[in-house]
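Since the structure comes first, as structure tokens, the remarks are kept for the end.
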Amino acid sequence: PVIAYADQEELSSMSSPKTAAIGVGASLASLAICAGIAYAAGYPPTGNQLANDATLGPVIAYAAAVSMGIQWIAFVPAFVWQTERYYDLVGSITYTSVTLATLIYRLAYSNTDDLVSNVRPIVCSLLVVVWAVRLGSFLVKRVFRAGKDGRFDDVKPYFAAYLAAWTIQGLWVFLTLLPVLVVNTTSRNKAPFVADYVGWAVWLLGFSIEVVSDNQKSAFTALKTGKWIDTGLWSYSRHPNYFGEITLWVGQFIVGISVYQGGQWIAVLGPVWVFILLNYITGIPLLEKRADEKWGGNPEYEQYKKEVSILAIMPRRTSKQEQQEQLTAA
């Protein structure tokens, strides 16, 4: 995960009180959002989730609490030892833990004789585990190779700001997992439907794109050419890994279409959150800014930006002059 935070230069100029205020505000906002969405997704608690016990409250709220709790526990040693090396690892552990906990809840309260209706939550949960283990190990290896994660240089010294970074990761995990959490806790039991197979196919497509593009980027970076990558999937998208990430979470949402009811449709916030976060807040904006600082003004790079889609994998665009030349040559 890439933390959604303020511009590095702005953070560097912050006074400690201002940093603390922003950190506290970000943490409180994250908690409020988690609580509101958890309540909406689990409402009403009877008839909308397994166990049918109103005293339990929305079960998804417990998933949100676990997501936050893991971050806060990990934050303590991270702040004491001023390290961020395990940030992404903790994120992956949280994805896996919350998913498996709700799956266990599902299997414990559902009709064990009706195995067909549990195919959906089992498959969706296993897909999350596969994704989390793969991406988590990839990110952790990258951080250890680099020696640190520069995203946190300006917030680590401040308790409130660094706590906010971890709290926001808890929110990130919870929002992203919404479609799977709903599938794992809903009272509706249905055998796999057309939407399930479509969703799983979309997930597989997105996961494959993410894996291939990450591997291509790693191989290219190892060459130390000092240039931007313009080969493989990266010749059709400037950020194919993010396109794959968004696509696989859209797939998870599609799988749940046949069981969503009432407030559970708020699960659409999962893929929407991933899209907005990567496309407008972190990820693409930060990487594009960094690339422009390194290669901006280079004619070849500027041409690359004109021709290649920023996110979706698409054929390269050609200028009107090039199109005319192609028609003339034909």
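Following the order of the structure tokens, chains are lettered A, B, ..., residues in each are numbered from 1, and ligands are numbered from 1.
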
Report as a PyMOL selection string: the residues of region 38-227 of chain A with a DSSP assignment of helix (DSSP H, G or I), based on the backbone of this structure. chain A and resi 38-41+54-56+59-80+87-109+116-146+150-152+159-185+194-222

If you count only C-alpha atoms, the residue of A:Ile257, A:Val98, A:Leu171, A:Leu311 closest to Phe275 (chain A) turns out to be A:Leu311

Need to verify the contact set: region 92-97 of chain A, 9 Å, only C-alpha atoms, exclusion of same-chain residues closer than 4 positions in sequence. Can you return it as a tab-separated table (two decimals) with all heavy atoms, in the first residue's frame?
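out_12.tsv was written with the following content:
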```tsv
chain	number	residue	atom	x	y	z
A	1	PRO	N	0.81	-1.20	0.00
A	1	PRO	CA	0.00	0.00	0.00
A	1	PRO	C	0.85	1.25	0.00
A	1	PRO	O	1.89	1.31	0.62
A	1	PRO	CB	-0.80	-0.12	1.28
A	1	PRO	CG	-0.80	-1.58	1.58
A	1	PRO	CD	0.48	-2.10	1.07
A	66	VAL	N	-10.58	-5.06	13.95
A	66	VAL	CA	-9.38	-5.89	13.84
A	66	VAL	C	-8.37	-5.23	12.91
A	66	VAL	O	-7.16	-5.20	13.20
A	66	VAL	CB	-9.73	-7.31	13.33
A	66	VAL	CG1	-8.46	-8.09	13.01
A	66	VAL	CG2	-10.56	-8.04	14.37
A	67	SER	N	-8.86	-4.68	11.81
A	67	SER	CA	-7.98	-4.01	10.86
A	67	SER	C	-7.24	-2.86	11.52
A	67	SER	O	-6.03	-2.70	11.34
A	67	SER	CB	-8.81	-3.49	9.67
A	67	SER	OG	-8.00	-2.86	8.72
A	68	MET	N	-7.94	-2.07	12.31
A	68	MET	CA	-7.31	-0.95	13.01
A	68	MET	C	-6.40	-1.45	14.12
A	68	MET	O	-5.29	-0.95	14.32
A	68	MET	CB	-8.39	-0.03	13.60
A	68	MET	CG	-9.12	0.80	12.57
A	68	MET	SD	-8.01	1.97	11.75
A	68	MET	CE	-9.16	2.81	10.67
A	70	ILE	N	-4.66	-4.19	14.51
A	70	ILE	CA	-3.37	-4.72	14.05
A	70	ILE	C	-2.40	-3.58	13.75
A	70	ILE	O	-1.21	-3.65	14.08
A	70	ILE	CB	-3.56	-5.62	12.82
A	70	ILE	CG1	-4.36	-6.88	13.20
A	70	ILE	CG2	-2.21	-6.01	12.21
A	70	ILE	CD1	-4.70	-7.77	12.03
A	71	GLN	N	-2.92	-2.52	13.13
A	71	GLN	CA	-2.05	-1.38	12.79
A	71	GLN	C	-1.51	-0.72	14.05
A	71	GLN	O	-0.32	-0.36	14.12
A	71	GLN	CB	-2.82	-0.34	11.97
A	71	GLN	CG	-3.55	-0.87	10.76
A	71	GLN	CD	-2.70	-1.76	9.89
A	71	GLN	OE1	-1.61	-1.40	9.48
A	71	GLN	NE2	-3.23	-2.96	9.61
A	87	TYR	N	6.01	-1.95	7.37
A	87	TYR	CA	4.70	-1.34	7.12
A	87	TYR	C	3.88	-2.14	6.10
A	87	TYR	O	2.72	-2.51	6.36
A	87	TYR	CB	4.90	0.10	6.63
A	87	TYR	CG	3.64	0.88	6.42
A	87	TYR	CD1	3.03	1.54	7.48
A	87	TYR	CD2	3.07	0.99	5.15
A	87	TYR	CE1	1.87	2.28	7.28
A	87	TYR	CE2	1.91	1.73	4.95
A	87	TYR	CZ	1.32	2.37	6.02
A	87	TYR	OH	0.18	3.10	5.82
A	88	ASP	N	4.47	-2.41	4.95
A	88	ASP	CA	3.75	-3.16	3.92
A	88	ASP	C	3.49	-4.60	4.34
A	88	ASP	O	2.46	-5.18	3.98
A	88	ASP	CB	4.53	-3.13	2.61
A	88	ASP	CG	4.54	-1.74	1.98
A	88	ASP	OD1	3.50	-1.08	2.02
A	88	ASP	OD2	5.60	-1.31	1.48
A	101	ALA	N	-10.51	-14.42	9.16
A	101	ALA	CA	-11.35	-14.36	10.35
A	101	ALA	C	-12.83	-14.34	9.96
A	101	ALA	O	-13.66	-15.04	10.55
A	101	ALA	CB	-11.01	-13.13	11.19
A	102	THR	N	-13.18	-13.54	8.94
A	102	THR	CA	-14.57	-13.49	8.51
A	102	THR	C	-14.98	-14.77	7.78
A	102	THR	O	-16.14	-15.19	7.85
A	102	THR	CB	-14.83	-12.28	7.59
A	102	THR	OG1	-13.88	-12.29	6.50
A	102	THR	CG2	-14.69	-10.99	8.37
A	125	SER	N	-11.99	-15.50	-0.60
A	125	SER	CA	-11.02	-15.36	0.48
A	125	SER	C	-9.65	-15.87	0.07
A	125	SER	O	-8.62	-15.25	0.36
A	125	SER	CB	-11.51	-16.10	1.73
A	125	SER	OG	-12.72	-15.55	2.21
A	128	VAL	N	-7.87	-13.39	-2.07
A	128	VAL	CA	-7.27	-12.30	-1.29
A	128	VAL	C	-5.94	-12.73	-0.70
A	128	VAL	O	-4.96	-11.99	-0.72
A	128	VAL	CB	-8.23	-11.84	-0.16
A	128	VAL	CG1	-7.51	-10.87	0.78
A	128	VAL	CG2	-9.46	-11.17	-0.74
A	129	VAL	N	-5.90	-13.95	-0.15
A	129	VAL	CA	-4.68	-14.46	0.46
A	129	VAL	C	-3.56	-14.56	-0.58
A	129	VAL	O	-2.42	-14.14	-0.33
A	129	VAL	CB	-4.93	-15.83	1.12
A	129	VAL	CG1	-3.61	-16.44	1.60
A	129	VAL	CG2	-5.90	-15.69	2.29
A	130	VAL	N	-3.89	-15.10	-1.74
A	130	VAL	CA	-2.89	-15.22	-2.82
A	130	VAL	C	-2.36	-13.85	-3.20
A	130	VAL	O	-1.15	-13.64	-3.32
A	130	VAL	CB	-3.50	-15.93	-4.05
A	130	VAL	CG1	-2.56	-15.82	-5.25
A	130	VAL	CG2	-3.80	-17.39	-3.73
A	131	TRP	N	-3.28	-12.90	-3.38
A	131	TRP	CA	-2.88	-11.54	-3.76
A	131	TRP	C	-2.02	-10.90	-2.67
A	131	TRP	O	-0.99	-10.28	-2.96
A	131	TRP	CB	-4.13	-10.70	-4.02
A	131	TRP	CG	-3.86	-9.24	-4.11
A	131	TRP	CD1	-3.43	-8.54	-5.20
A	131	TRP	CD2	-3.97	-8.28	-3.04
A	131	TRP	NE1	-3.27	-7.20	-4.88
A	131	TRP	CE2	-3.59	-7.03	-3.57
A	131	TRP	CE3	-4.35	-8.37	-1.70
A	131	TRP	CZ2	-3.60	-5.87	-2.79
A	131	TRP	CZ3	-4.35	-7.23	-0.93
A	131	TRP	CH2	-3.97	-5.99	-1.48
A	132	ALA	N	-2.45	-11.01	-1.42
A	132	ALA	CA	-1.75	-10.35	-0.31
A	132	ALA	C	-0.35	-10.92	-0.11
A	132	ALA	O	0.61	-10.17	0.12
A	132	ALA	CB	-2.56	-10.50	0.98
A	133	VAL	N	-0.22	-12.24	-0.21
A	133	VAL	CA	1.10	-12.87	-0.03
A	133	VAL	C	2.03	-12.46	-1.17
A	133	VAL	O	3.20	-12.11	-0.94
A	133	VAL	CB	0.96	-14.41	0.02
A	133	VAL	CG1	2.33	-15.07	-0.02
A	133	VAL	CG2	0.22	-14.82	1.29
A	135	LEU	N	1.83	-9.74	-3.33
A	135	LEU	CA	2.17	-8.32	-3.35
A	135	LEU	C	2.95	-7.93	-2.10
A	135	LEU	O	3.90	-7.14	-2.18
A	135	LEU	CB	0.89	-7.48	-3.45
A	135	LEU	CG	1.10	-5.97	-3.55
A	135	LEU	CD1	1.92	-5.63	-4.80
A	135	LEU	CD2	-0.24	-5.24	-3.59
A	136	GLY	N	2.57	-8.47	-0.95
A	136	GLY	CA	3.27	-8.14	0.28
A	136	GLY	C	4.74	-8.53	0.24
A	136	GLY	O	5.61	-7.73	0.60
A	137	SER	N	5.02	-9.73	-0.24
A	137	SER	CA	6.41	-10.18	-0.32
A	137	SER	C	7.19	-9.34	-1.33
A	137	SER	O	8.36	-9.01	-1.11
A	137	SER	CB	6.47	-11.67	-0.70
A	137	SER	OG	5.84	-11.89	-1.96
A	170	GLY	N	-5.11	0.99	8.08
A	170	GLY	CA	-6.23	0.19	8.56
A	170	GLY	C	-7.50	0.50	7.79
A	170	GLY	O	-8.27	-0.41	7.43
A	173	VAL	N	-7.19	-1.00	4.20
A	173	VAL	CA	-7.46	-2.44	4.17
A	173	VAL	C	-8.96	-2.71	4.25
A	173	VAL	O	-9.52	-3.49	3.48
A	173	VAL	CB	-6.72	-3.16	5.31
A	173	VAL	CG1	-7.17	-4.62	5.40
A	173	VAL	CG2	-5.21	-3.08	5.11
A	174	PHE	N	-9.62	-2.05	5.19
A	174	PHE	CA	-11.04	-2.28	5.41
A	174	PHE	C	-11.87	-1.91	4.18
A	174	PHE	O	-12.72	-2.67	3.73
A	174	PHE	CB	-11.51	-1.49	6.63
A	174	PHE	CG	-13.00	-1.58	6.86
A	174	PHE	CD1	-13.59	-2.77	7.23
A	174	PHE	CD2	-13.80	-0.46	6.67
A	174	PHE	CE1	-14.97	-2.87	7.42
A	174	PHE	CE2	-15.17	-0.53	6.86
A	174	PHE	CZ	-15.76	-1.74	7.24
A	177	LEU	N	-11.31	-4.29	1.20
A	177	LEU	CA	-11.86	-5.63	1.42
A	177	LEU	C	-13.39	-5.68	1.49
A	177	LEU	O	-13.96	-6.77	1.60
A	177	LEU	CB	-11.30	-6.22	2.73
A	177	LEU	CG	-9.91	-6.84	2.70
A	177	LEU	CD1	-9.53	-7.32	4.10
A	177	LEU	CD2	-9.83	-7.99	1.71
```

Per-residue nearest contacts of region 79-148 of chain A to region 193-212 of chain A (9 Å; only C-alpha atoms) as JSON lines:
```
{"residue": "A:Arg120", "atom": "CA", "partner": "A:Asp196", "partner_atom": "CA", "distance": 7.4}
{"residue": "A:Val123", "atom": "CA", "partner": "A:Trp200", "partner_atom": "CA", "distance": 8.7}
{"residue": "A:Cys124", "atom": "CA", "partner": "A:Trp200", "partner_atom": "CA", "distance": 8.2}
{"residue": "A:Leu127", "atom": "CA", "partner": "A:Trp203", "partner_atom": "CA", "distance": 8.4}
{"residue": "A:Trp131", "atom": "CA", "partner": "A:Phe207", "partner_atom": "CA", "distance": 7.5}
{"residue": "A:Arg134", "atom": "CA", "partner": "A:Val211", "partner_atom": "CA", "distance": 8.4}
{"residue": "A:Leu135", "atom": "CA", "partner": "A:Val211", "partner_atom": "CA", "distance": 8.4}
```

Quick one: write out the picked residues with all heavy atoms as an mmCIF file, in the first residue's frame?
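What ended up in selection.cif:
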```
data_model
loop_
_atom_site.group_PDB
_atom_site.id
_atom_site.type_symbol
_atom_site.label_atom_id
_atom_site.label_comp_id
_atom_site.auth_asym_id
_atom_site.auth_seq_id
_atom_site.Cartn_x
_atom_site.Cartn_y
_atom_site.Cartn_z
ATOM 1 N N ARG A 120 -18.451 -19.525 -2.879
ATOM 2 C CA ARG A 120 -18.172 -18.109 -3.158
ATOM 3 C C ARG A 120 -17.239 -17.497 -2.109
ATOM 4 O O ARG A 120 -16.188 -16.940 -2.466
ATOM 5 C CB ARG A 120 -19.477 -17.326 -3.254
ATOM 6 C CG ARG A 120 -19.294 -15.844 -3.565
ATOM 7 C CD ARG A 120 -20.621 -15.116 -3.619
ATOM 8 N NE ARG A 120 -21.479 -15.644 -4.673
ATOM 9 C CZ ARG A 120 -22.526 -16.453 -4.438
ATOM 10 N NH1 ARG A 120 -22.828 -16.802 -3.206
ATOM 11 N NH2 ARG A 120 -23.256 -16.893 -5.445
ATOM 12 N N VAL A 123 -13.627 -19.161 -2.201
ATOM 13 C CA VAL A 123 -12.805 -18.776 -3.354
ATOM 14 C C VAL A 123 -12.359 -17.321 -3.235
ATOM 15 O O VAL A 123 -11.176 -16.997 -3.428
ATOM 16 C CB VAL A 123 -13.568 -18.990 -4.675
ATOM 17 C CG1 VAL A 123 -12.775 -18.412 -5.851
ATOM 18 C CG2 VAL A 123 -13.836 -20.471 -4.902
ATOM 19 N N CYS A 124 -13.293 -16.426 -2.901
ATOM 20 C CA CYS A 124 -12.945 -15.003 -2.777
ATOM 21 C C CYS A 124 -11.876 -14.785 -1.718
ATOM 22 O O CYS A 124 -10.962 -13.971 -1.894
ATOM 23 C CB CYS A 124 -14.192 -14.189 -2.443
ATOM 24 S SG CYS A 124 -15.336 -13.988 -3.823
ATOM 25 N N LEU A 127 -8.471 -15.965 -2.909
ATOM 26 C CA LEU A 127 -7.903 -15.019 -3.870
ATOM 27 C C LEU A 127 -7.251 -13.840 -3.157
ATOM 28 O O LEU A 127 -6.193 -13.357 -3.571
ATOM 29 C CB LEU A 127 -8.988 -14.519 -4.828
ATOM 30 C CG LEU A 127 -9.602 -15.563 -5.771
ATOM 31 C CD1 LEU A 127 -10.632 -14.911 -6.692
ATOM 32 C CD2 LEU A 127 -8.524 -16.275 -6.590
ATOM 33 N N TRP A 131 -3.276 -12.904 -3.384
ATOM 34 C CA TRP A 131 -2.877 -11.542 -3.761
ATOM 35 C C TRP A 131 -2.023 -10.896 -2.675
ATOM 36 O O TRP A 131 -0.994 -10.285 -2.959
ATOM 37 C CB TRP A 131 -4.129 -10.702 -4.019
ATOM 38 C CG TRP A 131 -3.856 -9.240 -4.105
ATOM 39 C CD1 TRP A 131 -3.426 -8.538 -5.199
ATOM 40 C CD2 TRP A 131 -3.967 -8.285 -3.039
ATOM 41 N NE1 TRP A 131 -3.266 -7.204 -4.881
ATOM 42 C CE2 TRP A 131 -3.592 -7.026 -3.571
ATOM 43 C CE3 TRP A 131 -4.349 -8.367 -1.700
ATOM 44 C CZ2 TRP A 131 -3.597 -5.870 -2.792
ATOM 45 C CZ3 TRP A 131 -4.350 -7.226 -0.930
ATOM 46 C CH2 TRP A 131 -3.975 -5.990 -1.478
ATOM 47 N N ARG A 134 1.523 -12.468 -2.386
ATOM 48 C CA ARG A 134 2.349 -12.111 -3.536
ATOM 49 C C ARG A 134 2.797 -10.648 -3.492
ATOM 50 O O ARG A 134 3.989 -10.334 -3.556
ATOM 51 C CB ARG A 134 1.549 -12.367 -4.812
ATOM 52 C CG ARG A 134 2.358 -12.586 -6.086
ATOM 53 C CD ARG A 134 3.023 -11.387 -6.688
ATOM 54 N NE ARG A 134 2.163 -10.245 -6.910
ATOM 55 C CZ ARG A 134 2.575 -9.107 -7.468
ATOM 56 N NH1 ARG A 134 3.842 -8.958 -7.836
ATOM 57 N NH2 ARG A 134 1.747 -8.085 -7.613
ATOM 58 N N LEU A 135 1.832 -9.741 -3.330
ATOM 59 C CA LEU A 135 2.166 -8.320 -3.347
ATOM 60 C C LEU A 135 2.951 -7.926 -2.101
ATOM 61 O O LEU A 135 3.900 -7.141 -2.175
ATOM 62 C CB LEU A 135 0.892 -7.478 -3.445
ATOM 63 C CG LEU A 135 1.101 -5.968 -3.553
ATOM 64 C CD1 LEU A 135 1.921 -5.634 -4.804
ATOM 65 C CD2 LEU A 135 -0.238 -5.240 -3.587
#
```

From the options A:Trp166, A:Phe152, A:Tyr105, A:Trp234, which residue's atoms come nearest to Thr185 (chain A), counting only C-alpha atoms?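 That would be A:Tyr105, the residue with the smallest distance to Thr185 (chain A).
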
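Proximity of A:Tyr86, A:Tyr62, A:Trp273, A:Phe220 to Phe144 (chain A), computed with only C-alpha atoms, is greatest for A:Tyr86.
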
Got a sec: who's within 10 Å of Phe159 (chain A), counting only C-alpha atoms, leaving out chain neighbours fewer than 2 positions off, as a list of chain:residue names?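 Result of the neighbour search: A:Ser16, A:Thr19, A:Ala20, A:Gly23, A:Val24, A:Phe75, A:Val76, A:Phe79, A:Val80, A:Val155, A:Lys156, A:Pro157, A:Ala161, A:Tyr162, A:Leu163, A:Ala164.
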
Would you export the selected residues with all heavy atoms as a short mmCIF file (atom, residue, chain, number, x, y, z; two decimals), in the first residue's frame, please?
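Contents of part.cif, freshly written:
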```cif
data_model
loop_
_atom_site.label_atom_id
_atom_site.label_comp_id
_atom_site.auth_asym_id
_atom_site.auth_seq_id
_atom_site.Cartn_x
_atom_site.Cartn_y
_atom_site.Cartn_z
N SER A 16 5.93 20.92 14.71
CA SER A 16 5.43 19.75 15.42
C SER A 16 3.96 19.86 15.78
O SER A 16 3.21 18.92 15.59
CB SER A 16 6.29 19.51 16.67
OG SER A 16 5.86 18.36 17.34
N THR A 19 1.86 19.30 12.67
CA THR A 19 1.94 17.89 12.27
C THR A 19 1.05 17.04 13.16
O THR A 19 0.34 16.15 12.70
CB THR A 19 3.39 17.39 12.35
OG1 THR A 19 4.22 18.23 11.56
CG2 THR A 19 3.50 15.97 11.85
N ALA A 20 1.10 17.31 14.47
CA ALA A 20 0.29 16.56 15.42
C ALA A 20 -1.20 16.76 15.14
O ALA A 20 -1.98 15.80 15.18
CB ALA A 20 0.63 17.00 16.85
N GLY A 23 -2.17 14.85 12.09
CA GLY A 23 -2.16 13.42 12.38
C GLY A 23 -3.38 12.98 13.17
O GLY A 23 -4.02 11.97 12.85
N VAL A 24 -3.72 13.75 14.19
CA VAL A 24 -4.90 13.43 15.00
C VAL A 24 -6.16 13.51 14.15
O VAL A 24 -7.04 12.64 14.22
CB VAL A 24 -5.00 14.38 16.21
CG1 VAL A 24 -6.35 14.19 16.91
CG2 VAL A 24 -3.87 14.13 17.18
N PHE A 75 2.29 -0.32 15.20
CA PHE A 75 2.80 1.04 15.26
C PHE A 75 3.76 1.24 16.44
O PHE A 75 4.76 1.96 16.32
CB PHE A 75 1.65 2.04 15.37
CG PHE A 75 2.06 3.38 15.88
CD1 PHE A 75 2.77 4.27 15.08
CD2 PHE A 75 1.75 3.77 17.18
CE1 PHE A 75 3.16 5.52 15.56
CE2 PHE A 75 2.14 5.00 17.67
CZ PHE A 75 2.84 5.88 16.86
N VAL A 76 3.46 0.61 17.56
CA VAL A 76 4.25 0.84 18.78
C VAL A 76 5.74 0.55 18.56
O VAL A 76 6.58 1.45 18.74
CB VAL A 76 3.69 0.03 19.97
CG1 VAL A 76 4.59 0.19 21.19
CG2 VAL A 76 2.27 0.48 20.29
N PHE A 79 7.32 2.92 15.91
CA PHE A 79 7.64 4.28 16.36
C PHE A 79 8.84 4.27 17.31
O PHE A 79 9.73 5.12 17.20
CB PHE A 79 6.44 4.90 17.06
CG PHE A 79 6.69 6.30 17.55
CD1 PHE A 79 6.77 7.36 16.66
CD2 PHE A 79 6.87 6.56 18.90
CE1 PHE A 79 7.02 8.66 17.11
CE2 PHE A 79 7.12 7.84 19.36
CZ PHE A 79 7.20 8.89 18.46
N VAL A 80 8.87 3.30 18.21
CA VAL A 80 9.97 3.23 19.18
C VAL A 80 11.31 3.07 18.47
O VAL A 80 12.29 3.75 18.80
CB VAL A 80 9.75 2.06 20.16
CG1 VAL A 80 10.99 1.84 21.02
CG2 VAL A 80 8.54 2.34 21.05
N VAL A 155 7.47 11.87 8.51
CA VAL A 155 6.41 11.66 9.51
C VAL A 155 6.84 10.75 10.65
O VAL A 155 6.24 10.79 11.73
CB VAL A 155 5.13 11.10 8.85
CG1 VAL A 155 4.58 12.08 7.85
CG2 VAL A 155 5.40 9.75 8.19
N LYS A 156 7.86 9.95 10.44
CA LYS A 156 8.30 9.01 11.49
C LYS A 156 8.62 9.67 12.83
O LYS A 156 8.30 9.11 13.87
CB LYS A 156 9.53 8.21 11.01
CG LYS A 156 9.20 7.03 10.15
CD LYS A 156 10.41 6.13 9.95
CE LYS A 156 11.58 6.84 9.33
NZ LYS A 156 12.72 5.93 9.08
N PRO A 157 9.25 10.83 12.84
CA PRO A 157 9.62 11.42 14.14
C PRO A 157 8.42 11.90 14.95
O PRO A 157 8.55 12.12 16.16
CB PRO A 157 10.51 12.60 13.75
CG PRO A 157 10.95 12.32 12.35
CD PRO A 157 9.83 11.60 11.73
N ALA A 161 1.51 11.96 13.68
CA ALA A 161 1.56 11.84 12.22
C ALA A 161 1.86 10.40 11.80
O ALA A 161 1.26 9.88 10.85
CB ALA A 161 2.60 12.79 11.65
N TYR A 162 2.79 9.78 12.50
CA TYR A 162 3.15 8.40 12.15
C TYR A 162 2.02 7.44 12.51
O TYR A 162 1.74 6.48 11.78
CB TYR A 162 4.44 8.01 12.86
CG TYR A 162 5.16 6.83 12.22
CD1 TYR A 162 5.05 6.57 10.87
CD2 TYR A 162 5.96 5.97 12.99
CE1 TYR A 162 5.71 5.50 10.28
CE2 TYR A 162 6.61 4.89 12.42
CZ TYR A 162 6.49 4.66 11.06
OH TYR A 162 7.14 3.58 10.50
N LEU A 163 1.34 7.72 13.63
CA LEU A 163 0.17 6.91 13.99
C LEU A 163 -0.90 7.04 12.93
O LEU A 163 -1.57 6.06 12.58
CB LEU A 163 -0.38 7.36 15.35
CG LEU A 163 -1.67 6.66 15.81
CD1 LEU A 163 -1.45 5.15 15.97
CD2 LEU A 163 -2.17 7.26 17.11
N ALA A 164 -1.07 8.25 12.38
CA ALA A 164 -2.06 8.45 11.32
C ALA A 164 -1.74 7.61 10.09
O ALA A 164 -2.64 7.07 9.44
CB ALA A 164 -2.11 9.93 10.94
#
```

A:Thr176, A:Ile313, A:Glu302, A:Pro285 ranked by distance to Leu248 (chain A), top pick (using only C-alpha atoms):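 Of A:Thr176, A:Ile313, A:Glu302, A:Pro285, the one nearest Leu248 (chain A) is A:Thr176, counting only C-alpha atoms.
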